[in-house]
Amino acid sequence: MPINLDKFTVMPISDCLVAEETASLWQIYAMLPSDRADRLYRFVVVPLADGTFIVARWIEIEEIVHRLMRYQDVRGWTLPELAAMSLPPDYVEPEEHVAAKWANVPLATLIQRLAPVEGLDRQTTTAHQARTIRDGHPGRRVVVLERGVIYGVIFEELLMAGEVAFDPFQYAMAPVIPNVDDVGGYRAVHEVVDTHDIEPSLPCAAAPLPDEDGGLERGAGTPAPLPDESASFERPPESALLNQIAAAQDDRVFNLWIEQRLQREAEIVGGGKTLTRIVPPNEPLAIGGMYAVNVNVAAPLASAHVRAGGVEQAEAMTAAAQIEVDVRLVADSAFFKVYGIPQQKIIFPRGGVSKNIASFIIEPIQRGVGEITALLSLNQKPFQKIVAQVAIGEAALADLPAEPVRASGLTLAAAAATMNNPLAYPAETDASLVIIRETTGYTFILSLGSGFTVARLNLSEKEIVDAIRRARAAFLEKIVSKIDPSRNVYAYQQKNTTIPETIHQEALRDLRQIGDLLFRSLFFAPGSGDQGREMGLLLRAATAERELRISVIAERFAFPWSLVYALPFKPSDPVDPMGFWGYRHIIEYTPQFSARQPSAFAPEIRASDRLHLGFVFDQTIDTQFKAPLIAEQRQVLPGIDGVAVTEYDTREEFLDLLSRSRGVPQIIYFYGHAVSRSPGEKDAATGIEYGLGDSYLSINGEAVTLDEMNLYAGLDLERFDSAPLVMLNACESAELSPELYNGLVPYLIGRGARGVIGTEVLMPAFFAAEFAPALLRRFAAGNTRLGDLLRDMRREYLHEKRNVLPLIYALYSNAELIVKRD
């Protein structure tokens with residue numbers, strides 16, 4: 001019968017740390033909680049290649065490190081190396097201990113506790129068998145598995161009460177700045193011996209005392225460190241770049257760079273020096289080579305592929321003694337194989353460089369241009385993405401884009417400001433979904449506030465686009481063009497925007513089907529795989545359990561998330577409107593991640609006497625509909641309290657507005673036609689093939705294409721001084737789709753806009769003319785978060801007018817954005 005866990009002391013895997021076999025103690029330390037009291041009694045579990053596990057209490061590791069420090073610093077070793085080590089022949093137990101409870105426990109006994117343990121299947125192992133195997137281990141512990149996945153650790157408590165003293169990971173016996181020499185095109189790192197205890201800025205190795213040779217032996221197959229004749233000593237394989245500082249010293253930044261790791265053991269330890277080779281940004285990688293992608297916080301490094309700042313300003317916004325940033329690496333699986341831990345922490349003290357380096361090992365496996373993405377998160381909320389496109393093989397250099405590396409999203413300072421905002425959403429409601437496109441699919445990274453869930457979906461871009469187009473066509477047919485038989489009119493295209501109850505219930509059922517198919521097209525499609533299905537089930541449960549603020553971080557993945565209906569149902573079930581994400585949740589697309597550099601906007605628009613609004617419109621709409629749609633808005637908008645309106649009603653005036661950097665309105669409101677084009681799309685009548693740049697907005701009957709915006713108001717110009725919010729109220733545009741925003745949003749963000757609100761499919765003209773001015777009036781009044789306002793107005797139209805059209809407005813902006821009146 002299955003193990004009855006009620007009869008044992010169990011630490012669930014959620015309270016443990018699972019580390020790779022190759023992780024050093026420094027790397028494990030960086031991944032544990034920063035609060036020592038929280039990390040001391042956690043188990044670190046290391047799966048081994050033979051199916052066994054090393055299971056160590058962190059307080060045990062601290063004690064072992066402390067006792068060996070007089071002989072050699074082992075903090076750069078891995079747990080398997082530590083478990084297999086031999087004691088120095090002249091080893092003597094110390095008088096001081098990390099904790100008094102260890103005084104009577106020999107070091108040999110502590111090391112024996114690191115012996116590999118079995119993994120027991122919970123369903124097929126009896127309680128008696130589990131107890132026997134546990135008691136036979138020197139550390140009285142064993143790993144429990146559930147369907148091959150680690151469930152937790154069964155253990156017998158061997159620790160005794162006692163005070164905890166110093167932390168051996170908070171001192172070092174070597175200087176933090178190494179001497180760096182060039183050796184045959186490689187970087188040799190060595191450092192001078194110093195026996196003073198200091199607070200390390202970076203993990204570094206301690207040298208043996210002058211009269212000692214260290215005397216430690218690692219496990220079999222692990223090279224022993226060689227003494228250097230010049231009384232210098234090598235550090236464990238850290239970065240060779242820490243001293244390659246560029247001239248600019250005004251601020252610390254996030255650096256991303258690549259190093260080549262030498263493979264032959266003799267080269268690694270030859271001459272007592274650690275050898276690494278820095279890969280310049282313009283040099284290709286070699287298939288089969290082993291490389292480290294490194295990220296740290298320091299002054300700008302000359303050889304870094306990309307640098308992103310904002311560190312110093314972020315420190316001014318927090319009282320914390322140190323800042324912890326999670327780094328997750330995603331490499332295109334068609335070009336790279338990734339080894340080791342995909343997510344690590346960077347920890348840096350106030351005013352200092354990071355104590356460690358997040359280092360990820362990759363192996364190129366195919367020639368071409370491969371993409372590497374480092375996702376940075378603060379308090380489990382992604383704030384920045386660093387992307388590097390690298391050539392694999394000499395021939396691929398010609399295919400590199402003009403800008404092969406970039407950072408996007410928010411600066412650390414902007415992220416800290418957002419989190420410190422009094423109107424910030426509670427952490428328990430925060431969720432993020434990061435979507436990274438690869439050669440053969442997409443990687444989805446989901447955070448619900450308690451870690452990250454990753455799924456790789458083998459879906460093509462065409463499959464995604466087709467799903468969106470089917471949803472758009474169904475929405476146009478079943479909602480926008482729905483006929484009210486009692487009046488023989490299009491129900492949703494009338495000046496009176498209140499919908500009859502029978503029409504409303506039909507629309508909800510049709511909309512539920514559209515939303516359900518959208519959800520299934522991502523997570524329950526043939527290419528979604530087991531990982532996609534598991535993420536879909538997780539999202540279904542989480543979105544039904546509580547209201548969330550969902551941040552979608554993606555490039556070229558404009559998906560109508562507000563229409564998603566994730567609840568399971570039978571055809572006869574009544575529709576639950578709160579099953580639609582747009583009614584239950586606040587959904588924000590994060591346009592800053594599509595820009596070419598991180599943004600540093602605070603989530604507020606400041607206004608003193610008047611908020612400046614620019615109204616861009618297509619005057620021909622009044623003639624087309626034989627109704628004063630534009631004329632009425634020209635009267636309504638200036639009547640909004642605290643708003644000053646400037647009109648732009650010609651193509652030339654619009655292009656002039658886009659080309660400015662000074663005197664730009666704080667809100668730009670567009671009402672007119674819009675047409676989206678997809679790459680490879682062909683005109684059915686003429687056969688002309690379109691590109692994304694052929695998408696356009698119509699001003700006074702004249703088209704202004706995206707290509708023309710880039711030509712006459714390009715991203716090389718100085719950015720908008722006002723960081724405006726742009727509202728695209730595109731009406732009666734049958735060829736409008738979310739794909740418009742794949743090109744237009746990055747352009748507007750690149751020019752300096754802080755965000756965009758826009759319609760994702762055709763919006764009936766009368767409804768568009770009613771809804772947008774009402775939203776602008778309430779937003780301009782101040783102190784209402786934009787995300788709350790859009791969600792609340794959707795609900796109001798649902799309950800008071802039985803109208804679902806507000807679901808089509810998408811928020812490409814920080815949902816916490818407010819107007820702050822001085």
# chains A, B, ... in the order shown; residues from 1 in each chain; ligands from 1

call {"tool": "residues_around", "arguments": {"residues": "Tyr809 of chain A", "least_positions_apart": "4", "cutoff": "8 Å", "atoms": "only C-alpha atoms", "output": "ChimeraX atom specification"}}
result
/A:757-760

call {"tool": "write_last_selection", "arguments": {"atoms": "N, CA, C and O atoms", "output": "PDB file, in the first residue's frame"}}
result
ATOM      1  N   ILE A 757      -4.467  52.280 -25.731  1.00  0.00           N
ATOM      2  CA  ILE A 757      -5.736  51.560 -25.612  1.00  0.00           C
ATOM      3  C   ILE A 757      -6.287  51.454 -27.025  1.00  0.00           C
ATOM      4  O   ILE A 757      -6.334  52.455 -27.743  1.00  0.00           O
ATOM      5  N   GLY A 758      -6.695  50.259 -27.417  1.00  0.00           N
ATOM      6  CA  GLY A 758      -7.162  50.136 -28.784  1.00  0.00           C
ATOM      7  C   GLY A 758      -8.193  49.045 -28.969  1.00  0.00           C
ATOM      8  O   GLY A 758      -8.283  48.108 -28.174  1.00  0.00           O
ATOM      9  N   THR A 759      -8.988  49.180 -30.044  1.00  0.00           N
ATOM     10  CA  THR A 759      -9.952  48.152 -30.411  1.00  0.00           C
ATOM     11  C   THR A 759      -9.246  47.107 -31.263  1.00  0.00           C
ATOM     12  O   THR A 759      -8.413  47.433 -32.097  1.00  0.00           O
ATOM     13  N   GLU A 760      -9.588  45.814 -31.048  1.00  0.00           N
ATOM     14  CA  GLU A 760      -8.874  44.736 -31.717  1.00  0.00           C
ATOM     15  C   GLU A 760      -9.612  44.178 -32.923  1.00  0.00           C
ATOM     16  O   GLU A 760      -9.024  43.445 -33.715  1.00  0.00           O
TER      17      GLU A 760
END

call {"tool": "residues_around", "arguments": {"residues": "segment 718-726 of chain A", "least_positions_apart": "2", "cutoff": "10 Å", "atoms": "only C-alpha atoms", "output": "ChimeraX atom specification"}}
result
/A:601,605-606,612-614,657-670,713-716,728-729,745,748-758,812-813,817

call {"tool": "write_last_selection", "arguments": {"atoms": "C-alpha atoms", "output": "compact mmCIF listing (two decimals), in the first residue's frame"}}
result
# COMPACT_ATOMS: atom_id res chain seq x y z
CA PHE A 601 7.99 55.80 -16.82
CA ILE A 605 0.29 61.42 -15.83
CA ARG A 606 0.68 64.67 -13.94
CA HIS A 612 -3.65 68.34 -22.73
CA LEU A 613 -5.58 66.05 -25.11
CA GLY A 614 -4.93 65.80 -28.85
CA LEU A 657 2.37 65.61 -34.42
CA LEU A 658 4.18 62.27 -34.63
CA SER A 659 7.46 63.97 -35.55
CA ARG A 660 7.49 66.31 -32.56
CA SER A 661 9.42 65.88 -29.36
CA ARG A 662 8.15 68.96 -27.51
CA GLY A 663 4.61 70.13 -26.88
CA VAL A 664 3.07 66.70 -27.44
CA PRO A 665 -0.37 66.19 -25.83
CA GLN A 666 -0.48 63.99 -22.74
CA ILE A 667 -3.29 61.94 -24.29
CA ILE A 668 -3.65 61.39 -28.03
CA TYR A 669 -7.13 60.23 -29.03
CA PHE A 670 -7.71 58.84 -32.54
CA ALA A 713 8.53 60.52 -37.95
CA GLY A 714 11.12 57.81 -37.40
CA LEU A 715 12.48 56.33 -34.21
CA ASP A 716 15.75 58.22 -34.68
CA LEU A 728 -6.98 54.22 -30.93
CA ASN A 729 -10.75 54.16 -31.33
CA VAL A 745 2.43 49.65 -30.71
CA LEU A 748 4.43 54.42 -30.73
CA ILE A 749 6.37 53.10 -27.73
CA GLY A 750 9.59 53.72 -29.64
CA ARG A 751 8.54 57.33 -30.18
CA GLY A 752 7.97 57.70 -26.44
CA ALA A 753 4.32 56.85 -25.81
CA ARG A 754 3.70 55.19 -22.45
CA GLY A 755 0.88 52.99 -23.67
CA VAL A 756 -2.05 52.41 -26.01
CA ILE A 757 -5.74 51.56 -25.61
CA GLY A 758 -7.16 50.14 -28.78
CA TYR A 812 -1.40 48.05 -24.00
CA SER A 813 -0.29 49.96 -20.93
CA LEU A 817 -1.59 54.33 -14.73

call {"tool": "closest_residue", "arguments": {"among": "A:Lys482, A:Arg406, A:Lys7, A:Arg584", "to": "Ala127 of chain A", "atoms": "only C-alpha atoms"}}
result
A:Lys7

call {"tool": "closest_residue", "arguments": {"among": "A:Gln384, A:Ser377, A:Ser562, A:Gln389", "to": "Asp332 of chain A", "atoms": "only C-alpha atoms"}}
result
A:Gln389

call {"tool": "atom_distance", "arguments": {"atom1": "atom CA of Asp707 of chain A", "atom2": "atom CA of Gly680 of chain A"}}
result
15.8 Å

call {"tool": "closest_residue", "arguments": {"among": "A:Leu410, A:Leu511, A:Leu17, A:Ala473", "to": "Gln344 of chain A", "atoms": "only C-alpha atoms"}}
result
A:Leu17

call {"tool": "closest_atom_pairs", "arguments": {"of": "segment 558-646 of chain A", "to": "segment 420-442 of chain A", "cutoff": "10 Å", "atoms": "only C-alpha atoms", "output": "Markdown table"}}
result
| residue | atom | partner | partner_atom | distance |
| --- | --- | --- | --- | --- |
| A:His585 | CA | A:Thr429 | CA | 9.5 |
| A:Ile586 | CA | A:Asp430 | CA | 9.8 |
| A:Ile587 | CA | A:Ala431 | CA | 9.6 |
| A:Glu588 | CA | A:Ser432 | CA | 9.5 |
| A:Tyr589 | CA | A:Leu433 | CA | 9.7 |
| A:Thr590 | CA | A:Val434 | CA | 9.9 |
| A:Ala602 | CA | A:Asn421 | CA | 8.8 |
| A:Pro603 | CA | A:Asn421 | CA | 8.1 |
| A:Glu604 | CA | A:Asn421 | CA | 9.7 |

call {"tool": "write_last_selection", "arguments": {"atoms": "N, CA, C and O atoms", "output": "compact mmCIF listing (two decimals), in the first residue's frame"}}
result
# COMPACT_ATOMS: atom_id res chain seq x y z
N HIS A 585 -10.98 39.83 -14.81
CA HIS A 585 -9.60 40.19 -14.51
C HIS A 585 -9.20 41.51 -15.18
O HIS A 585 -9.86 41.97 -16.10
N ILE A 586 -8.12 42.05 -14.68
CA ILE A 586 -7.49 43.21 -15.33
C ILE A 586 -6.35 42.65 -16.18
O ILE A 586 -5.44 42.00 -15.66
N ILE A 587 -6.42 42.88 -17.46
CA ILE A 587 -5.43 42.33 -18.38
C ILE A 587 -4.68 43.48 -19.03
O ILE A 587 -5.29 44.38 -19.63
N GLU A 588 -3.37 43.46 -18.90
CA GLU A 588 -2.54 44.48 -19.52
C GLU A 588 -1.51 43.82 -20.41
O GLU A 588 -0.86 42.85 -20.03
N TYR A 589 -1.39 44.30 -21.63
CA TYR A 589 -0.26 43.95 -22.47
C TYR A 589 0.86 44.92 -22.10
O TYR A 589 0.60 46.10 -21.84
N THR A 590 2.07 44.46 -22.05
CA THR A 590 3.17 45.32 -21.62
C THR A 590 3.96 45.76 -22.85
O THR A 590 4.90 45.06 -23.28
N ALA A 602 7.14 56.50 -14.65
CA ALA A 602 6.34 56.28 -13.45
C ALA A 602 4.89 56.10 -13.90
O ALA A 602 4.47 56.69 -14.91
N PRO A 603 4.08 55.32 -13.20
CA PRO A 603 2.72 55.04 -13.65
C PRO A 603 1.75 56.18 -13.35
O PRO A 603 0.72 55.98 -12.70
N GLU A 604 2.07 57.37 -13.79
CA GLU A 604 1.16 58.49 -13.56
C GLU A 604 1.36 59.57 -14.62
O GLU A 604 2.45 59.76 -15.15

call {"tool": "select_by_dssp", "arguments": {"residues": "segment 580-794 of chain A", "states": "alpha helix (DSSP H)", "output": "MDAnalysis selection string"}}
result
chainID A and resid 581:584 620:625 629:636 651:659 706:712 740:751 765:780 786:794

call {"tool": "write_last_selection", "arguments": {"atoms": "C-alpha atoms", "output": "short mmCIF file (atom, residue, chain, number, x, y, z; two decimals), in the first residue's frame"}}
result
data_model
loop_
_atom_site.label_atom_id
_atom_site.label_comp_id
_atom_site.auth_asym_id
_atom_site.auth_seq_id
_atom_site.Cartn_x
_atom_site.Cartn_y
_atom_site.Cartn_z
CA TRP A 581 -11.13 37.10 -18.60
CA GLY A 582 -12.00 40.64 -19.64
CA TYR A 583 -14.86 40.83 -17.13
CA ARG A 584 -13.21 39.07 -14.20
CA THR A 620 -15.32 61.83 -43.66
CA ILE A 621 -16.98 59.51 -41.14
CA ASP A 622 -19.86 61.99 -40.62
CA THR A 623 -20.55 61.96 -44.32
CA GLN A 624 -20.23 58.19 -44.53
CA PHE A 625 -22.77 57.55 -41.76
CA LEU A 629 -20.31 61.34 -34.95
CA ILE A 630 -17.22 63.55 -35.25
CA ALA A 631 -19.11 66.78 -34.73
CA GLU A 632 -20.60 65.61 -31.45
CA GLN A 633 -17.24 64.47 -30.10
CA ARG A 634 -15.71 67.82 -31.05
CA GLN A 635 -18.30 69.36 -28.73
CA VAL A 636 -18.12 66.74 -25.95
CA ARG A 651 -2.69 63.83 -42.76
CA GLU A 652 -0.03 66.55 -42.60
CA GLU A 653 -1.03 67.66 -39.11
CA PHE A 654 -0.98 64.06 -37.88
CA LEU A 655 2.50 63.36 -39.28
CA ASP A 656 3.70 66.66 -37.83
CA LEU A 657 2.37 65.61 -34.42
CA LEU A 658 4.18 62.27 -34.63
CA SER A 659 7.46 63.97 -35.55
CA LEU A 706 3.07 52.50 -40.72
CA ASP A 707 5.91 52.73 -43.24
CA GLU A 708 5.13 56.41 -43.73
CA MET A 709 5.10 57.02 -39.99
CA ASN A 710 8.57 55.49 -39.78
CA LEU A 711 9.71 57.53 -42.80
CA TYR A 712 8.45 60.96 -41.72
CA LEU A 740 -2.24 45.90 -36.23
CA TYR A 741 -0.66 46.28 -32.82
CA ASN A 742 2.32 44.07 -33.70
CA GLY A 743 3.63 47.02 -35.72
CA LEU A 744 1.88 50.13 -34.45
CA VAL A 745 2.43 49.65 -30.71
CA PRO A 746 6.22 49.14 -30.97
CA TYR A 747 6.36 52.24 -33.17
CA LEU A 748 4.43 54.42 -30.73
CA ILE A 749 6.37 53.10 -27.73
CA GLY A 750 9.59 53.72 -29.64
CA ARG A 751 8.54 57.33 -30.18
CA ALA A 765 -19.17 53.69 -35.10
CA PHE A 766 -21.97 54.77 -32.77
CA PHE A 767 -20.71 52.65 -29.90
CA ALA A 768 -17.12 53.82 -30.40
CA ALA A 769 -18.24 57.45 -30.34
CA GLU A 770 -20.09 56.88 -27.05
CA PHE A 771 -17.65 54.68 -25.13
CA ALA A 772 -14.29 56.38 -25.66
CA PRO A 773 -15.28 59.92 -24.56
CA ALA A 774 -16.94 58.43 -21.45
CA LEU A 775 -13.76 56.56 -20.58
CA LEU A 776 -11.59 59.62 -21.22
CA ARG A 777 -13.83 61.79 -19.03
CA ARG A 778 -13.55 59.46 -16.07
CA PHE A 779 -9.82 58.84 -16.52
CA ALA A 780 -9.02 62.55 -16.82
CA LEU A 786 -6.72 52.76 -15.94
CA GLY A 787 -7.01 48.98 -15.59
CA ASP A 788 -9.76 49.30 -12.98
CA LEU A 789 -11.61 51.82 -15.11
CA LEU A 790 -11.62 49.71 -18.26
CA ARG A 791 -12.72 46.57 -16.38
CA ASP A 792 -15.41 48.45 -14.43
CA MET A 793 -16.82 50.08 -17.56
CA ARG A 794 -16.99 46.68 -19.24
#

call {"tool": "closest_residue", "arguments": {"among": "A:Arg252, A:Arg520, A:Arg261, A:Lys495", "to": "Leu412 of chain A", "atoms": "only C-alpha atoms"}}
result
A:Arg252

call {"tool": "residues_around", "arguments": {"residues": "Glu95 of chain A", "least_positions_apart": "5", "cutoff": "12 Å", "atoms": "only C-alpha atoms", "output": "count of residues only"}}
result
7

call {"tool": "select_by_dssp", "arguments": {"residues": "segment 697-727 of chain A", "states": "strand (DSSP E or B)", "output": "list of chain:residue names"}}
result
A:Leu697, A:Ser698, A:Ile699, A:Glu702, A:Ala703, A:Val704, A:Thr705, A:Leu725, A:Val726, A:Met727

call {"tool": "write_last_selection", "arguments": {"atoms": "C-alpha atoms", "output": "PDB file, in the first residue's frame"}}
result
ATOM      1  CA  LEU A 697      -4.814  54.796 -40.096  1.00  0.00           C
ATOM      2  CA  SER A 698      -7.145  57.017 -42.074  1.00  0.00           C
ATOM      3  CA  ILE A 699      -7.123  60.819 -41.500  1.00  0.00           C
ATOM      4  CA  GLU A 702      -6.248  59.732 -46.528  1.00  0.00           C
ATOM      5  CA  ALA A 703      -4.223  56.725 -45.416  1.00  0.00           C
ATOM      6  CA  VAL A 704      -1.133  57.111 -43.274  1.00  0.00           C
ATOM      7  CA  THR A 705       0.731  53.803 -43.370  1.00  0.00           C
ATOM      8  CA  LEU A 725      -1.199  57.645 -23.575  1.00  0.00           C
ATOM      9  CA  VAL A 726      -2.644  56.898 -27.028  1.00  0.00           C
ATOM     10  CA  MET A 727      -6.255  55.780 -27.538  1.00  0.00           C
TER      11      MET A 727
END
